[in-house]
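Trainee: Below is the file final-v9.cif, which contains mmCIF, C-alpha atoms and all ligand atoms.
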```
data_final
#
loop_
_atom_site.label_atom_id
_atom_site.label_comp_id
_atom_site.auth_asym_id
_atom_site.auth_seq_id
_atom_site.Cartn_x
_atom_site.Cartn_y
_atom_site.Cartn_z
CA MET A 11 -40.00 10.15 43.57
CA LYS A 12 -41.20 8.38 40.45
CA ASN A 13 -40.86 11.65 38.49
CA LYS A 14 -37.26 12.01 39.66
CA GLY A 15 -36.46 8.56 38.26
CA VAL A 16 -37.97 9.47 34.90
CA ILE A 17 -36.00 12.73 34.78
CA ILE A 18 -32.72 10.92 35.52
CA LEU A 19 -33.50 8.33 32.84
CA MET A 20 -34.27 11.09 30.33
CA LEU A 21 -31.04 12.86 31.24
CA VAL A 22 -28.95 9.70 30.78
CA PHE A 23 -30.69 9.03 27.48
CA GLY A 24 -30.04 12.63 26.40
CA ILE A 25 -26.35 12.40 27.29
CA LEU A 26 -26.03 9.13 25.38
CA LEU A 27 -27.76 10.68 22.37
CA VAL A 28 -25.51 13.76 22.43
CA SER A 29 -22.32 11.68 22.75
CA ALA A 30 -23.41 9.46 19.86
CA TRP A 31 -24.08 12.59 17.83
CA VAL A 32 -20.68 14.09 18.75
CA ALA A 33 -18.94 10.79 17.94
CA ASN A 34 -20.60 10.81 14.53
CA MET A 35 -20.19 14.47 13.68
CA TYR A 36 -16.83 15.41 15.14
CA SER A 37 -13.92 14.55 12.92
CA TYR A 38 -10.27 15.47 12.77
CA THR A 39 -7.90 15.21 9.79
CA ALA A 40 -4.15 15.71 9.53
CA THR A 41 -1.92 15.49 6.48
CA GLU A 42 1.78 14.80 6.33
CA TYR A 43 4.32 14.17 3.60
CA ALA A 44 5.79 10.77 4.49
CA LEU A 45 6.84 7.55 2.75
CA ASP A 46 7.51 9.59 -0.37
CA THR A 47 3.86 10.57 -0.74
CA MET A 48 1.08 12.74 0.66
CA CYS A 49 -0.59 11.02 3.60
CA SER A 50 -3.82 11.91 5.32
CA ILE A 51 -5.46 10.50 8.43
CA THR A 52 -9.08 11.19 9.41
CA ALA A 53 -10.87 9.96 12.51
CA TYR A 54 -14.42 10.47 13.76
CA GLY A 55 -15.34 10.66 17.45
CA ILE A 56 -14.52 12.54 20.59
CA ASN A 57 -10.92 11.27 20.69
CA ALA A 58 -10.30 12.05 17.04
CA LYS A 59 -7.61 14.73 17.47
CA ALA A 60 -5.45 12.79 19.94
CA ALA A 61 -5.86 9.61 17.86
CA VAL A 62 -4.88 11.26 14.58
CA GLU A 63 -1.87 12.97 16.17
CA ASP A 64 -0.74 9.62 17.55
CA GLY A 65 -1.29 8.15 14.07
CA ILE A 66 0.96 10.78 12.49
CA ASP A 67 3.68 10.04 15.09
CA THR A 68 3.43 6.34 14.25
CA LEU A 69 3.76 7.10 10.56
CA LYS A 70 6.90 9.17 11.19
CA ARG A 71 8.39 6.50 13.43
CA LEU A 72 7.79 3.79 10.83
CA GLU A 73 9.17 5.95 8.06
CA SER A 74 12.35 6.54 10.03
CA THR A 75 12.92 2.78 10.29
CA LEU A 76 11.98 1.61 6.81
CA SER A 77 12.63 4.37 4.32
CA VAL A 78 15.42 3.91 1.75
CA HIS A 79 15.50 7.71 1.46
CA ARG A 80 16.79 8.06 5.03
CA GLU A 81 20.40 7.21 5.69
CA ASP A 82 19.77 6.33 9.34
CA SER A 83 16.82 3.97 8.74
CA ASP A 84 17.11 0.25 9.58
CA ILE A 85 16.79 -0.51 5.87
CA SER A 86 19.55 1.88 4.80
CA ARG A 87 21.81 0.50 7.52
CA LEU A 88 21.06 -3.04 6.34
CA ASN A 89 21.72 -2.09 2.70
CA ARG A 90 25.10 -0.60 3.71
CA GLU A 91 26.28 -3.16 6.24
CA LYS A 92 24.57 -6.27 4.73
CA LYS A 93 23.73 -7.59 8.18
CA ALA A 94 21.61 -5.88 10.80
CA VAL A 95 19.34 -6.53 13.74
CA ILE A 96 16.16 -4.73 12.81
CA GLU A 97 12.98 -3.48 14.39
CA ASN A 98 10.02 -5.86 14.68
CA ASP A 99 7.73 -4.07 12.20
CA VAL A 100 10.38 -3.97 9.48
CA PHE A 101 11.30 -7.62 10.11
CA GLY A 102 7.64 -8.58 9.65
CA ILE A 103 7.38 -6.63 6.39
CA ILE A 104 10.48 -8.32 4.97
CA ASN A 105 9.10 -11.70 5.98
CA SER A 106 5.78 -11.05 4.16
CA ALA A 107 7.66 -9.68 1.14
CA ILE A 108 9.70 -12.88 0.81
CA GLU A 109 6.52 -14.95 0.98
CA VAL A 110 4.85 -12.98 -1.85
CA SER A 111 8.10 -13.21 -3.78
CA SER A 112 8.08 -17.02 -3.63
CA ASP A 113 4.37 -17.20 -4.47
CA THR A 114 4.90 -15.07 -7.57
CA ARG A 115 8.13 -16.78 -8.61
CA GLY A 116 9.99 -13.51 -8.42
CA ALA A 117 7.51 -11.14 -10.11
CA PHE A 118 7.50 -9.38 -6.77
CA ASP A 119 10.96 -9.00 -5.29
CA ILE A 120 12.23 -6.38 -2.82
CA THR A 121 15.84 -7.06 -3.89
CA VAL A 122 14.95 -5.20 -7.11
CA LYS A 123 16.39 -1.97 -5.60
CA PRO A 124 19.64 -1.85 -7.65
CA ILE A 125 17.54 -1.95 -10.84
CA VAL A 126 15.06 0.62 -9.48
CA ASP A 127 18.05 2.91 -8.76
CA LEU A 128 19.46 2.33 -12.24
CA TRP A 129 16.21 3.35 -13.92
CA ASN A 130 15.89 6.41 -11.67
CA VAL A 131 12.28 6.86 -12.81
CA LYS A 132 11.65 9.40 -10.06
CA GLY A 133 14.52 11.52 -11.37
CA GLY A 134 13.30 11.22 -14.98
CA GLY A 135 15.64 8.52 -16.31
CA PRO A 136 17.50 8.19 -18.68
CA VAL A 137 16.91 4.70 -20.12
CA PRO A 138 19.83 2.65 -18.77
CA ASP A 139 22.30 0.69 -20.82
CA HIS A 140 21.05 -2.87 -21.46
CA ASN A 141 24.34 -4.37 -20.24
CA ASP A 142 24.09 -2.50 -16.94
CA ILE A 143 20.62 -3.93 -16.45
CA ILE A 144 21.83 -7.48 -17.16
CA HIS A 145 24.76 -6.99 -14.78
CA ARG A 146 22.52 -5.81 -11.93
CA LEU A 147 19.96 -8.56 -12.54
CA LYS A 148 22.51 -11.04 -11.13
CA SER A 149 21.96 -9.85 -7.56
CA ILE A 150 18.14 -9.85 -7.76
CA SER A 151 16.60 -12.78 -5.89
CA ASN A 152 14.65 -13.17 -2.68
CA LYS A 153 17.01 -16.07 -1.92
CA ASN A 154 19.63 -13.41 -1.22
CA ILE A 155 17.77 -12.39 1.94
CA GLN A 156 18.35 -14.50 5.02
CA LEU A 157 16.21 -14.05 8.12
CA ASN A 158 17.18 -15.04 11.65
CA TYR A 159 13.89 -15.23 13.57
CA GLU A 160 15.53 -15.62 17.01
CA LYS A 161 17.74 -12.58 16.68
CA ASN A 162 15.48 -10.46 14.44
CA SER A 163 18.46 -10.07 12.17
CA VAL A 164 18.59 -9.90 8.39
CA THR A 165 21.55 -10.76 6.19
CA LEU A 166 21.88 -9.75 2.56
CA LEU A 167 23.93 -12.36 0.73
CA GLY A 168 26.12 -10.47 -1.70
CA GLU A 169 27.89 -7.15 -1.92
CA ASN A 170 25.41 -5.70 -4.42
CA VAL A 171 22.23 -6.96 -2.78
CA GLN A 172 19.96 -4.19 -1.52
CA ILE A 173 16.28 -4.08 -0.62
CA ASP A 174 13.51 -1.52 -1.14
CA LEU A 175 10.18 -1.82 0.70
CA GLY A 176 8.43 0.77 -1.49
CA ALA A 177 5.97 -1.78 -2.88
CA ILE A 178 4.74 -3.07 0.48
CA ALA A 179 5.49 -0.49 3.19
CA LYS A 180 2.56 1.89 2.67
CA GLY A 181 0.02 -0.91 3.04
CA TYR A 182 1.70 -2.05 6.23
CA CYS A 183 1.90 1.47 7.66
CA ALA A 184 -1.78 2.18 6.95
CA ASP A 185 -2.69 -0.89 9.04
CA ALA A 186 -0.35 0.19 11.84
CA VAL A 187 -1.95 3.65 11.90
CA ALA A 188 -5.43 2.08 11.93
CA ASP A 189 -4.43 -0.01 14.96
CA VAL A 190 -3.28 3.13 16.78
CA LEU A 191 -6.59 4.90 16.02
CA LYS A 192 -8.53 1.89 17.27
CA LYS A 193 -6.54 1.91 20.53
CA HIS A 194 -7.88 5.45 21.04
CA GLY A 195 -11.39 4.04 20.70
CA ILE A 196 -11.94 5.26 17.14
CA LYS A 197 -14.75 3.34 15.43
CA SER A 198 -14.77 5.30 12.18
CA GLY A 199 -11.85 6.64 10.19
CA ILE A 200 -9.88 6.59 6.97
CA ILE A 201 -6.16 6.55 6.28
CA ASP A 202 -4.94 7.46 2.82
CA LEU A 203 -1.24 7.01 2.15
CA GLY A 204 -0.91 8.23 -1.43
CA GLY A 205 -3.78 6.11 -2.75
CA ASN A 206 -3.26 3.22 -0.32
CA VAL A 207 -6.51 3.49 1.59
CA ARG A 208 -7.43 1.79 4.87
CA THR A 209 -10.90 2.26 6.34
CA ILE A 210 -12.10 1.77 9.90
CA GLY A 211 -15.79 0.97 10.37
CA LYS A 212 -18.26 3.01 8.36
CA LYS A 213 -18.72 6.66 7.55
CA ARG A 214 -21.80 7.90 9.41
CA GLY A 215 -23.46 4.52 9.08
CA ASN A 216 -22.67 3.95 5.41
CA ALA A 217 -19.80 2.19 3.67
CA TRP A 218 -16.84 4.36 2.67
CA ARG A 219 -17.07 5.31 -1.00
CA ILE A 220 -13.63 5.20 -2.59
CA GLY A 221 -12.97 6.53 -6.09
CA ILE A 222 -10.64 4.25 -8.06
CA GLN A 223 -8.12 6.24 -10.10
CA ASN A 224 -8.58 6.21 -13.88
CA PRO A 225 -5.17 4.91 -15.02
CA ASN A 226 -5.45 6.87 -18.29
CA ALA A 227 -6.37 10.23 -16.78
CA THR A 228 -4.87 12.82 -14.49
CA ARG A 229 -4.73 12.23 -10.74
CA GLY A 230 -8.07 12.55 -9.01
CA GLU A 231 -10.14 11.34 -11.99
CA TYR A 232 -11.94 8.13 -11.17
CA PHE A 233 -13.38 5.43 -13.41
CA GLY A 234 -15.43 3.75 -10.69
CA ILE A 235 -16.54 3.80 -7.08
CA LEU A 236 -15.80 1.10 -4.53
CA ASP A 237 -17.83 0.74 -1.32
CA ILE A 238 -15.88 -0.75 1.58
CA SER A 239 -15.84 -0.87 5.35
CA ASP A 240 -13.11 -2.18 7.67
CA LYS A 241 -10.89 -3.09 4.75
CA CYS A 242 -8.13 -1.56 2.70
CA VAL A 243 -7.84 -0.89 -1.00
CA VAL A 244 -4.37 -0.56 -2.48
CA THR A 245 -3.74 0.43 -6.08
CA SER A 246 -0.65 0.04 -8.25
CA GLY A 247 -0.27 1.47 -11.72
CA GLY A 248 2.36 2.59 -14.16
CA TYR A 249 0.68 6.02 -14.27
CA GLU A 250 1.82 6.74 -10.71
CA ARG A 251 5.42 7.45 -11.65
CA TYR A 252 7.03 7.39 -15.09
CA PHE A 253 9.13 9.24 -17.64
CA THR A 254 8.82 9.24 -21.42
CA LYS A 255 11.57 8.91 -23.99
CA ASP A 256 10.98 8.93 -27.75
CA GLY A 257 7.26 8.57 -27.15
CA LYS A 258 7.70 5.48 -24.99
CA VAL A 259 6.58 5.35 -21.36
CA TYR A 260 8.97 3.94 -18.74
CA HIS A 261 7.24 3.49 -15.40
CA HIS A 262 8.35 2.56 -11.89
CA ILE A 263 7.10 -1.03 -11.60
CA ILE A 264 9.95 -3.26 -12.67
CA ASP A 265 9.71 -6.84 -13.81
CA PRO A 266 12.57 -8.33 -11.75
CA ARG A 267 12.86 -11.16 -14.25
CA THR A 268 13.79 -8.83 -17.12
CA GLY A 269 15.03 -5.69 -15.38
CA TYR A 270 12.65 -3.53 -17.48
CA PRO A 271 9.38 -1.81 -16.55
CA ALA A 272 6.65 -4.46 -16.59
CA THR A 273 4.73 -4.71 -19.86
CA SER A 274 2.00 -7.11 -18.84
CA GLY A 275 -0.90 -5.34 -20.56
CA ILE A 276 -2.28 -4.22 -17.19
CA THR A 277 -2.76 -0.51 -16.51
CA SER A 278 -3.78 -0.72 -12.85
CA VAL A 279 -4.48 -3.20 -10.09
CA SER A 280 -6.51 -2.51 -6.96
CA ILE A 281 -6.51 -5.11 -4.22
CA ILE A 282 -9.16 -5.10 -1.50
CA ALA A 283 -8.18 -7.05 1.62
CA GLU A 284 -7.94 -7.13 5.40
CA ASN A 285 -4.16 -7.06 5.46
CA GLY A 286 -2.61 -3.89 4.02
CA ALA A 287 0.92 -5.23 3.54
CA VAL A 288 -0.35 -8.24 1.61
CA ALA A 289 -2.71 -6.05 -0.46
CA ASP A 290 0.13 -3.66 -1.30
CA ALA A 291 2.54 -6.44 -2.29
CA LEU A 292 -0.15 -8.21 -4.32
CA SER A 293 -1.12 -5.07 -6.23
CA THR A 294 2.47 -4.63 -7.41
CA ALA A 295 2.91 -8.38 -8.02
CA VAL A 296 -0.25 -8.75 -10.13
CA PHE A 297 0.71 -5.68 -12.17
CA VAL A 298 3.93 -7.52 -13.10
CA LEU A 299 2.31 -10.96 -13.55
CA GLY A 300 -0.38 -9.82 -15.98
CA VAL A 301 -4.06 -10.79 -16.11
CA ASP A 302 -3.84 -14.60 -16.47
CA ASP A 303 -1.16 -15.37 -13.89
CA GLY A 304 -2.42 -12.55 -11.67
CA LEU A 305 -5.98 -13.92 -11.61
CA SER A 306 -4.85 -17.46 -10.90
CA LEU A 307 -2.83 -16.19 -7.93
CA LEU A 308 -5.72 -14.07 -6.61
CA ASN A 309 -8.29 -16.83 -7.12
CA SER A 310 -6.05 -19.48 -5.54
CA ASP A 311 -7.24 -18.68 -1.99
CA LYS A 312 -3.59 -18.53 -0.92
CA TYR A 313 -4.28 -15.11 0.61
CA GLY A 314 -7.82 -15.81 1.77
CA ASP A 315 -10.59 -13.39 0.96
CA VAL A 316 -8.93 -10.98 -1.47
CA GLY A 317 -10.94 -8.76 -3.82
CA TYR A 318 -9.60 -7.10 -6.96
CA ILE A 319 -10.22 -4.57 -9.72
CA ILE A 320 -7.81 -4.95 -12.63
CA THR A 321 -7.83 -2.67 -15.68
CA ALA A 322 -6.20 -3.80 -18.90
CA GLU A 323 -4.78 -1.69 -21.75
CA ASN A 324 -7.82 -2.55 -23.91
CA GLY A 325 -10.20 -0.97 -21.37
CA LYS A 326 -11.44 -4.31 -20.01
CA VAL A 327 -11.95 -4.42 -16.27
CA TYR A 328 -11.72 -7.61 -14.19
CA VAL A 329 -13.69 -7.37 -10.95
CA SER A 330 -13.95 -10.05 -8.25
CA ASP A 331 -17.47 -11.17 -7.32
CA ASP A 332 -17.27 -10.34 -3.65
CA ILE A 333 -16.82 -6.55 -3.85
CA ASP A 334 -19.20 -3.64 -4.24
CA PHE A 335 -17.77 -1.76 -7.24
CA GLU A 336 -19.50 0.34 -9.86
CA ILE A 337 -17.88 1.53 -13.09
CA THR A 338 -18.78 5.19 -13.68
CA ASP A 339 -16.71 5.89 -16.81
CA GLU A 340 -18.17 4.44 -20.01
CA LYS A 341 -14.71 3.96 -21.55
CA PHE A 342 -14.26 1.04 -19.17
CA ARG A 343 -16.25 -2.20 -19.33
CA GLU A 344 -16.33 -5.49 -17.45
P1 LIG A 401 3.76 0.10 -5.73
O1 LIG A 401 3.47 1.54 -5.96
O2 LIG A 401 3.24 -0.43 -4.44
O3 LIG A 401 3.34 -0.77 -6.87
O4 LIG A 401 5.34 -0.05 -5.57
C1 LIG A 401 6.23 0.36 -6.58
C2 LIG A 401 7.58 0.62 -5.97
O5 LIG A 401 8.13 -0.61 -5.48
C3 LIG A 401 8.58 1.14 -6.97
O6 LIG A 401 8.65 2.54 -6.94
C4 LIG A 401 9.90 0.48 -6.54
O7 LIG A 401 10.48 1.22 -5.50
C5 LIG A 401 9.45 -0.84 -5.98
N1 LIG A 401 9.31 -1.91 -7.00
C6 LIG A 401 9.24 -1.79 -8.36
N2 LIG A 401 9.05 -2.98 -8.94
C7 LIG A 401 8.98 -3.90 -7.95
C8 LIG A 401 8.79 -5.32 -7.92
N3 LIG A 401 8.60 -6.02 -9.03
N4 LIG A 401 8.79 -5.93 -6.72
C9 LIG A 401 8.97 -5.23 -5.57
N5 LIG A 401 9.16 -3.90 -5.53
C10 LIG A 401 9.16 -3.23 -6.70
MG MG A 402 2.44 -2.25 -3.84
#
```
Can you give me the file's structure in the form of structure tokens?

Mentor:
Amino acid sequence: MKNKGVIILMLVFGILLVSAWVANMYSYTATEYALDTMCSITAYGINAKAAVEDGIDTLKRLESTLSVHREDSDISRLNREKKAVIENDVFGIINSAIEVSSDTRGAFDITVKPIVDLWNVKGGGPVPDHNDIIHRLKSISNKNIQLNYEKNSVTLLGENVQIDLGAIAKGYCADAVADVLKKHGIKSGIIDLGGNVRTIGKKRGNAWRIGIQNPNATRGEYFGILDISDKCVVTSGGYERYFTKDGKVYHHIIDPRTGYPATSGITSVSIIAENGAVADALSTAVFVLGVDDGLSLLNSDKYGDVGYIITAENGKVYVSDDIDFEITDEKFRE
């Protein structure tokens, strides 16, 4: 009788051990082109496949509501009709965007879309006429967005006012996908939306090791390694999208105060935080603000516990105390 008890105990222990092993070893990854970039979702554990597939569906659903590249999205409808009742997620993103806009006195501003369109950096330019830039600047202000919290409706105040969530949406979506994976019981996973990375738990007991893109090198070359768990890291840089004319680089991050690509002396900003939307908005905002104003915003505690890695044109790197980051390329120094 006693022996039977021991055997059952051993069996239960064995099953537990095997399931822990499976949870650790089994992983599933899917990739999808969405939000104008290559996205990949990886989960570890027995539910990994179902979780990742659900994550991809969520990504597609969010894209269909917030993309400016889709005519039927909530955002495109709002940009056309100037007033629209919109889906909860998108409403929340716009709300956060306006907050960051006020905190950065307009260095971050989702109403910058008409200027982004004018520069057409994705299509290779050309450099717009200065007068056209000045003309379009008139409609750029977060004050031109009015939110009705009871009705979930947004009004754009002015015929030429349009919004673009490109600087904040990927961070938000990565969080939303992470929430879906967690609902499937996933305790370990990673979501990479074109360099906007969100991690869940750890990777086989260790922190996730994330390479931070070298802003002066081709894609995939890193200048340092960041260890994180249960956080996101979002990077913005002029190297991501640009065209050159007469030896001059014109990139996709616009200073809404001038209407020209930001020339703040920063080459890339990585923000490490709990909240992906905030991290995404801040990475773009700090790129525009420059080192001094950027650091005072990040160190102000306004956004709580936010880590950063900022690279400047002169190769200097500014790293917050609270993160685990190691520079691996000798051309960069703290
Ligand atoms: P990110 O890669 O997150 O830095 O976002 C850059 C994208 O956001 C650009 O491709 C534009 O669509 C848009 N954008 C550019 N400049 C700004 C800005 N100052 N504030 C908000 N959105 C911007
Ligand atoms: Mg951003």

Trainee: Residues of region 231-338 of chain A that approach region 109-124 of chain A to 8 Å or less, counting all atoms listed in the file: could you list each one with the shortest pair of atoms and its distance in Å to one decimal, rows by chain and increasing residue number, as CSV?

Mentor:
```
residue,atom,partner,partner_atom,distance
A:Ile264,CA,A:Val122,CA,7.7
A:Asp265,CA,A:Ala117,CA,6.1
A:Pro266,CA,A:Ala117,CA,6.0
A:Arg267,CA,A:Ala117,CA,6.8
A:Val288,CA,A:Val110,CA,7.8
A:Ala291,CA,A:Val110,CA,6.9
A:Leu292,CA,A:Val110,CA,7.3
A:Thr294,CA,A:Phe118,CA,6.9
A:Ala295,CA,A:Phe118,CA,4.9
A:Val298,CA,A:Ala117,CA,5.9
A:Leu299,CA,A:Ala117,CA,6.2
A:Leu307,CA,A:Thr114,CA,7.8
```

Trainee: Taking all atoms listed in the file into account, name the residue in A:Glu336, A:Asp302, A:Asp185, A:Asp174 that is nearest to Leu236 (chain A).

Mentor: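 For Leu236 (chain A), the nearest of the given residues is A:Glu336.
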
Trainee: Go through A:Gly286, A:Pro271, A:Gly65, A:Gly199 and flag the residue nearest ligand MG 402 (chain A), using all atoms listed in the file for the distances.

Mentor: A:Gly286

Trainee: Give the residues close to ligand MG 402 (chain A), within 10 Å, counting only C-alpha atoms and all ligand atoms; write them as an mmCIF file with C-alpha atoms, keeping the file's coordinate frame.

Mentor:
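Below is the file that was written, part00.cif:
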```cif
data_model
loop_
_atom_site.group_PDB
_atom_site.id
_atom_site.type_symbol
_atom_site.label_atom_id
_atom_site.label_comp_id
_atom_site.auth_asym_id
_atom_site.auth_seq_id
_atom_site.Cartn_x
_atom_site.Cartn_y
_atom_site.Cartn_z
ATOM 1 C CA PHE A 118 7.500 -9.380 -6.770
ATOM 2 C CA LEU A 175 10.180 -1.820 0.700
ATOM 3 C CA GLY A 176 8.430 0.770 -1.490
ATOM 4 C CA ALA A 177 5.970 -1.780 -2.880
ATOM 5 C CA ILE A 178 4.740 -3.070 0.480
ATOM 6 C CA ALA A 179 5.490 -0.490 3.190
ATOM 7 C CA LYS A 180 2.560 1.890 2.670
ATOM 8 C CA GLY A 181 0.020 -0.910 3.040
ATOM 9 C CA ASN A 206 -3.260 3.220 -0.320
ATOM 10 C CA VAL A 244 -4.370 -0.560 -2.480
ATOM 11 C CA THR A 245 -3.740 0.430 -6.080
ATOM 12 C CA SER A 246 -0.650 0.040 -8.250
ATOM 13 C CA GLY A 247 -0.270 1.470 -11.720
ATOM 14 C CA ILE A 263 7.100 -1.030 -11.600
ATOM 15 C CA VAL A 279 -4.480 -3.200 -10.090
ATOM 16 C CA SER A 280 -6.510 -2.510 -6.960
ATOM 17 C CA ILE A 281 -6.510 -5.110 -4.220
ATOM 18 C CA GLY A 286 -2.610 -3.890 4.020
ATOM 19 C CA ALA A 287 0.920 -5.230 3.540
ATOM 20 C CA VAL A 288 -0.350 -8.240 1.610
ATOM 21 C CA ALA A 289 -2.710 -6.050 -0.460
ATOM 22 C CA ASP A 290 0.130 -3.660 -1.300
ATOM 23 C CA ALA A 291 2.540 -6.440 -2.290
ATOM 24 C CA LEU A 292 -0.150 -8.210 -4.320
ATOM 25 C CA SER A 293 -1.120 -5.070 -6.230
ATOM 26 C CA THR A 294 2.470 -4.630 -7.410
ATOM 27 C CA ALA A 295 2.910 -8.380 -8.020
ATOM 28 C CA VAL A 296 -0.250 -8.750 -10.130
ATOM 29 C CA PHE A 297 0.710 -5.680 -12.170
#
```

Trainee: Using all atoms listed in the file, find the one residue out of A:Ser306, A:Ser278, A:Gln172, A:Asn162 that sits nearest to Ile320 (chain A).

Mentor: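 Going through A:Ser306, A:Ser278, A:Gln172, A:Asn162 one by one, the smallest distance to Ile320 (chain A) is for A:Ser278.
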
Trainee: My list of candidates is A:Ser330, A:Asn98, A:Ser274, A:Thr41. Which is closest to ligand LIG 401 (chain A) when distances are computed with all atoms listed in the file?

Mentor: A:Ser274

Trainee: What does the structure give for the distance between CA of Arg146 (chain A) and CA of Asp127 (chain A), in Å to one decimal?

Mentor: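 For CA of Arg146 (chain A) relative to CA of Asp127 (chain A), the distance reads 10.3 Å.
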
Trainee: Could the centre and edge lengths of an axis-aligned box, enclosing all atoms of ligand LIG 401 (chain A) in the file with 5 Å extra on each side, be given in Å to one decimal as lines of an AutoDock Vina configuration file?

Mentor:
```
center_x = 6.9
center_y = -1.7
center_z = -6.7
size_x = 17.2
size_y = 18.6
size_z = 14.6
```

Trainee: So which one's closest to ligand LIG 401 (chain A), A:Trp218, A:Tyr328, A:Phe233, A:Tyr182? Using all atoms listed in the file, please.

Mentor: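 Nearest to ligand LIG 401 (chain A): A:Tyr182.
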
Trainee: Using all atoms listed in the file, which residue out of A:Ile220, A:Ala188, A:Ile282, A:Ile200 lies closest to Gly317 (chain A)?

Mentor: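 Going through A:Ile220, A:Ala188, A:Ile282, A:Ile200 one by one, the smallest distance to Gly317 (chain A) is for A:Ile282.
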
Trainee: Could you tell me how far CA of Glu323 (chain A) sits from CA of Gly275 (chain A), in Å to one decimal place?

Mentor: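 If I compute the distance from CA of Gly275 (chain A) to CA of Glu323 (chain A), I get 5.5 Å.
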
Trainee: Quick one: distance from atom C3 of ligand LIG 401 (chain A) to CA of Leu203 (chain A) in Å, one decimal?

Mentor: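 These two atoms are separated by 14.6 Å.
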
Trainee: Generate the missing atoms of region 178-195 of chain A up to N, CA and C atoms and report them as a PDB file, keeping the file's coordinate frame.

Mentor:
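What follows is the written file out23.pdb:
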```pdb
ATOM      1  N   ILE A 178       5.499  -2.372  -0.566  1.00  0.00           N
ATOM      2  CA  ILE A 178       4.740  -3.070   0.480  1.00  0.00           C
ATOM      3  C   ILE A 178       4.558  -2.221   1.752  1.00  0.00           C
ATOM      4  N   ALA A 179       5.446  -1.222   1.924  1.00  0.00           N
ATOM      5  CA  ALA A 179       5.490  -0.490   3.190  1.00  0.00           C
ATOM      6  C   ALA A 179       4.232   0.345   3.461  1.00  0.00           C
ATOM      7  N   LYS A 180       3.700   0.984   2.428  1.00  0.00           N
ATOM      8  CA  LYS A 180       2.560   1.890   2.670  1.00  0.00           C
ATOM      9  C   LYS A 180       1.343   1.112   3.165  1.00  0.00           C
ATOM     10  N   GLY A 181       1.132  -0.064   2.591  1.00  0.00           N
ATOM     11  CA  GLY A 181       0.020  -0.910   3.040  1.00  0.00           C
ATOM     12  C   GLY A 181       0.191  -1.302   4.498  1.00  0.00           C
ATOM     13  N   TYR A 182       1.410  -1.660   4.849  1.00  0.00           N
ATOM     14  CA  TYR A 182       1.700  -2.050   6.230  1.00  0.00           C
ATOM     15  C   TYR A 182       1.465  -0.875   7.182  1.00  0.00           C
ATOM     16  N   CYS A 183       1.990   0.284   6.783  1.00  0.00           N
ATOM     17  CA  CYS A 183       1.900   1.470   7.660  1.00  0.00           C
ATOM     18  C   CYS A 183       0.443   1.900   7.862  1.00  0.00           C
ATOM     19  N   ALA A 184      -0.369   1.798   6.815  1.00  0.00           N
ATOM     20  CA  ALA A 184      -1.780   2.180   6.950  1.00  0.00           C
ATOM     21  C   ALA A 184      -2.461   1.315   7.996  1.00  0.00           C
ATOM     22  N   ASP A 185      -2.124   0.017   8.022  1.00  0.00           N
ATOM     23  CA  ASP A 185      -2.690  -0.890   9.040  1.00  0.00           C
ATOM     24  C   ASP A 185      -2.214  -0.488  10.435  1.00  0.00           C
ATOM     25  N   ALA A 186      -0.914  -0.172  10.525  1.00  0.00           N
ATOM     26  CA  ALA A 186      -0.350   0.190  11.840  1.00  0.00           C
ATOM     27  C   ALA A 186      -1.022   1.449  12.367  1.00  0.00           C
ATOM     28  N   VAL A 187      -1.269   2.417  11.486  1.00  0.00           N
ATOM     29  CA  VAL A 187      -1.950   3.650  11.900  1.00  0.00           C
ATOM     30  C   VAL A 187      -3.383   3.331  12.334  1.00  0.00           C
ATOM     31  N   ALA A 188      -4.047   2.448  11.589  1.00  0.00           N
ATOM     32  CA  ALA A 188      -5.430   2.080  11.930  1.00  0.00           C
ATOM     33  C   ALA A 188      -5.455   1.447  13.335  1.00  0.00           C
ATOM     34  N   ASP A 189      -4.471   0.613  13.631  1.00  0.00           N
ATOM     35  CA  ASP A 189      -4.430  -0.010  14.960  1.00  0.00           C
ATOM     36  C   ASP A 189      -4.283   1.036  16.060  1.00  0.00           C
ATOM     37  N   VAL A 190      -3.469   2.053  15.794  1.00  0.00           N
ATOM     38  CA  VAL A 190      -3.280   3.130  16.780  1.00  0.00           C
ATOM     39  C   VAL A 190      -4.603   3.876  16.992  1.00  0.00           C
ATOM     40  N   LEU A 191      -5.299   4.191  15.895  1.00  0.00           N
ATOM     41  CA  LEU A 191      -6.590   4.900  16.020  1.00  0.00           C
ATOM     42  C   LEU A 191      -7.565   4.065  16.842  1.00  0.00           C
ATOM     43  N   LYS A 192      -7.592   2.773  16.550  1.00  0.00           N
ATOM     44  CA  LYS A 192      -8.530   1.890  17.270  1.00  0.00           C
ATOM     45  C   LYS A 192      -8.217   1.861  18.763  1.00  0.00           C
ATOM     46  N   LYS A 193      -6.920   1.902  19.103  1.00  0.00           N
ATOM     47  CA  LYS A 193      -6.540   1.910  20.530  1.00  0.00           C
ATOM     48  C   LYS A 193      -7.092   3.147  21.234  1.00  0.00           C
ATOM     49  N   HIS A 194      -7.296   4.220  20.476  1.00  0.00           N
ATOM     50  CA  HIS A 194      -7.880   5.450  21.040  1.00  0.00           C
ATOM     51  C   HIS A 194      -9.408   5.365  21.046  1.00  0.00           C
ATOM     52  N   GLY A 195      -9.943   4.213  20.683  1.00  0.00           N
ATOM     53  CA  GLY A 195     -11.390   4.040  20.700  1.00  0.00           C
ATOM     54  C   GLY A 195     -12.095   4.493  19.434  1.00  0.00           C
TER      55      GLY A 195
END
```
